[in-house]
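Q: For reference, the structure I am asking about is given below.
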Amino acid sequence: MRTVLTTGPGGAGRTTLAAATALAAAAGGSRTLLVSAEPIPGLPGGTEPTRVTERLDHARIDSGAHFRAELTDLQERASGVLDLVGAGRLDGEELTELPGSAQLALLHTLHRAAAGDWSTAGYDTLVVDLPPLTEALALLALPEQLRRYLRRLLPAERQAARALRPVLAQLAGVPMPAQWLYEAAARKDAELAAVQALVEDSATTLRLAAEPGPAAEEALRTARTGLALYGLRADLLVANRVLPRHSPDPWFAALAAEQEKCLGHWHAEWAPEIPVHEAPHLGRDPRTADDLAALAVPAPDEREAGRAEDPWWIEGEPGESGTPAELTWCLPLPGAVKEELRLVRRGDELLLTVGPFHRIIRVASALRRCTVSGAALTDGVLRVRFTPDPGLWPRTP
């Protein structure tokens with residue numbers, strides 16, 4: 001299944017881009033599912049896939065309903081513990097959606113499309129309207145981060161000792177985690193793994209919508225860095241609401257000239273690797289399928305691919321004894337600046353922060369036997385130097 005994730009700076013028309021992409025894919029003969037959290041004029045607003053055209057279905061995410069269902073299910077599974085401490089149950093009607101629930105609802109919806117009940121519907125293309133740009137990139141990194149938290153908090157190997165829990169509980173003087181907790185963690189890990197696989201699949205790409213201007217230029221510069229850090233790739237940048245270049249009105253002409261200057265930068269920086277499509281300003285917000293068709297957004301095809309493997313590589317040559325004198329871990333970070341970069345090594349992991357983005361990377365086995373001897377950001381590439389530890393590196397006879 002081809003997956004297209006759409007995002008962009010707030011107010012840049014990312015939902016319009018998602019709808020236009022889905023309609024173009026369906027018009028090209030692809031059985032398409034469009035998923036959005038925002039209402040789209042002219043499309044049904046049901047939370048289950050609902051027919052729009054012969055080849056296009058639409059489903060809207062209801063984060064409030066998902067939050068209530070999840071918390072109600074958690075109360076049922078933890079009923080023994082709640083009854084033991086005399087806790088009162090919360091009814092679904094009194095539950096108020098908490099911050100962060102929208103992101104979890106979107107991940108749940110992606111799981112349904114990737115490996116859940118929607119995955120058997122025979123869709124060829126999945127188009128997802130994501131939140132604004134920075135939030136969207138953090139969301140796509142969330143499955144990997146949450147799975148790491150689960151592994152640290154509830155290691156799977158501890159389940160082997162469940163027969164000893166009564167004894168351990170007596171020795172420790174506190175109750176040991178119940179089996180249902182491990183089962184719930186395993187179930188959530190499987191769901192997150194399916195979403196992570198969808199995000200990292202080579203058939204998954206991003207589409208960016210941005211209105212030409214100085215603010216959008218800065219947002220896209222930051223986005224390029226985030227895409228590189230998480231190993232994602234965009235297949236299209238849509239310059240939205242492009243004004244006519246020739247206008248007798250001096251005010252419109254000045255705006256068009258500013259847009260044209262920005263578009264020149266985008267074509268130079270993004271193309272040809274990532275095409276830039278100029279969608280005309282319609283003089284109003286798109287409201288109908290004909291309005292969306294007028295934007296002429298191209299349908300996704302099979303020529304562009306998303307992440308097929310991790311984006312970093314290792315450089316190094318063996319020394320006289322077979323032990324390399326130095327190994328260099330390299331990660332391209334276009335648009336990154338040194339002042340916004342923070343790198344910490346902790347055990348077998350690199351904790352990397354670039355601007356608003358953060359990722360924890362487990363280093364290759366060869367680098368775990370090395371110490372960090374320096375790092376530099378040059379020509380848009382982060383290079384971390386590792387020096388082999390003689391006490392850990394295997395000796396060559």
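Naming works like this for the structure tokens: A, B, ... for the chains as they're shown, residue 1 at the start of each chain, ligands 1 onward in shown order.
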Please tabulate, as JSON lines, the residues of stretch 271-357 of chain A that come within 10 Å of stretch 16-25 of chain A, each with its closest pair of atoms and the distance in Å to one decimal, counting only C-alpha atoms and ordering rows by chain, then residue number upward.

A:
{"residue": "A:Ala279", "atom": "CA", "partner": "A:Leu17", "partner_atom": "CA", "distance": 9.6}
{"residue": "A:Asp285", "atom": "CA", "partner": "A:Thr16", "partner_atom": "CA", "distance": 8.8}
{"residue": "A:Pro286", "atom": "CA", "partner": "A:Thr16", "partner_atom": "CA", "distance": 7.3}
{"residue": "A:Arg287", "atom": "CA", "partner": "A:Thr16", "partner_atom": "CA", "distance": 9.3}
{"residue": "A:Ala289", "atom": "CA", "partner": "A:Leu23", "partner_atom": "CA", "distance": 7.8}
{"residue": "A:Asp290", "atom": "CA", "partner": "A:Ala20", "partner_atom": "CA", "distance": 9.9}
{"residue": "A:Asp291", "atom": "CA", "partner": "A:Ala20", "partner_atom": "CA", "distance": 9.0}
{"residue": "A:Leu292", "atom": "CA", "partner": "A:Ala20", "partner_atom": "CA", "distance": 5.2}
{"residue": "A:Ala293", "atom": "CA", "partner": "A:Ala20", "partner_atom": "CA", "distance": 6.7}
{"residue": "A:Ala294", "atom": "CA", "partner": "A:Ala20", "partner_atom": "CA", "distance": 9.2}
{"residue": "A:Leu295", "atom": "CA", "partner": "A:Ala20", "partner_atom": "CA", "distance": 7.5}
{"residue": "A:Ala296", "atom": "CA", "partner": "A:Ala20", "partner_atom": "CA", "distance": 8.0}
{"residue": "A:Val297", "atom": "CA", "partner": "A:Thr21", "partner_atom": "CA", "distance": 6.2}
{"residue": "A:Pro298", "atom": "CA", "partner": "A:Ala24", "partner_atom": "CA", "distance": 6.5}
{"residue": "A:Ala299", "atom": "CA", "partner": "A:Ala25", "partner_atom": "CA", "distance": 4.8}
{"residue": "A:Pro300", "atom": "CA", "partner": "A:Ala25", "partner_atom": "CA", "distance": 6.5}
{"residue": "A:Asp301", "atom": "CA", "partner": "A:Ala25", "partner_atom": "CA", "distance": 8.6}

Q: Do you know which residues are at most 9 Å from A:Cys330 counting only C-alpha atoms, after dropping those on the same chain fewer than 4 positions away, and could you put them as a count of residues only?

A: 10

Q: Applying 9 Å and only C-alpha atoms, which residues near A:Asp57 remain after dropping the ones on its own chain fewer than 4 positions away? List them as an mmCIF file with C-alpha atoms, in the first residue's frame.

A:
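What ended up in around.cif:
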data_model
loop_
_atom_site.group_PDB
_atom_site.id
_atom_site.type_symbol
_atom_site.label_atom_id
_atom_site.label_comp_id
_atom_site.auth_asym_id
_atom_site.auth_seq_id
_atom_site.Cartn_x
_atom_site.Cartn_y
_atom_site.Cartn_z
ATOM 1 C CA ARG A 31 -8.511 2.545 -4.357
ATOM 2 C CA THR A 32 -7.864 5.316 -1.830
ATOM 3 C CA LEU A 33 -8.583 6.022 1.840
ATOM 4 C CA LEU A 34 -8.313 9.610 3.090
ATOM 5 C CA VAL A 35 -7.891 10.106 6.848
ATOM 6 C CA PRO A 49 -14.483 4.805 6.064
ATOM 7 C CA THR A 50 -17.374 6.334 4.119
ATOM 8 C CA ARG A 51 -17.744 6.399 0.344
ATOM 9 C CA VAL A 52 -16.962 9.718 -1.378
ATOM 10 C CA THR A 53 -16.477 8.567 -4.959
#

Q: Go through A:Leu192, A:Leu142, A:Trp266, A:Asp348 and flag the residue nearest A:Leu110, using only C-alpha atoms for the distances.

A: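 Result for the nearest residue to A:Leu110: A:Leu192.
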
Q: Can you tell me how far atom CA of A:Gly29 sits from atom CA of A:Val276, in Å to one decimal?

A: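 Atom-to-atom, atom CA of A:Gly29 to atom CA of A:Val276, that is 23.8 Å.
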
Q: Using only C-alpha atoms for the distances, tell me which of A:Arg2, A:His265, A:Arg359, A:His66 is nearest to A:Leu341.

A: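 Ranked by minimum distance to A:Leu341, first place goes to A:Arg359.
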
Q: Counting only C-alpha atoms, which residue out of A:Phe357, A:Phe252, A:Trp270, A:Trp118 sits closest to A:Ala59?

A: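 Result for the nearest residue to A:Ala59: A:Trp118.
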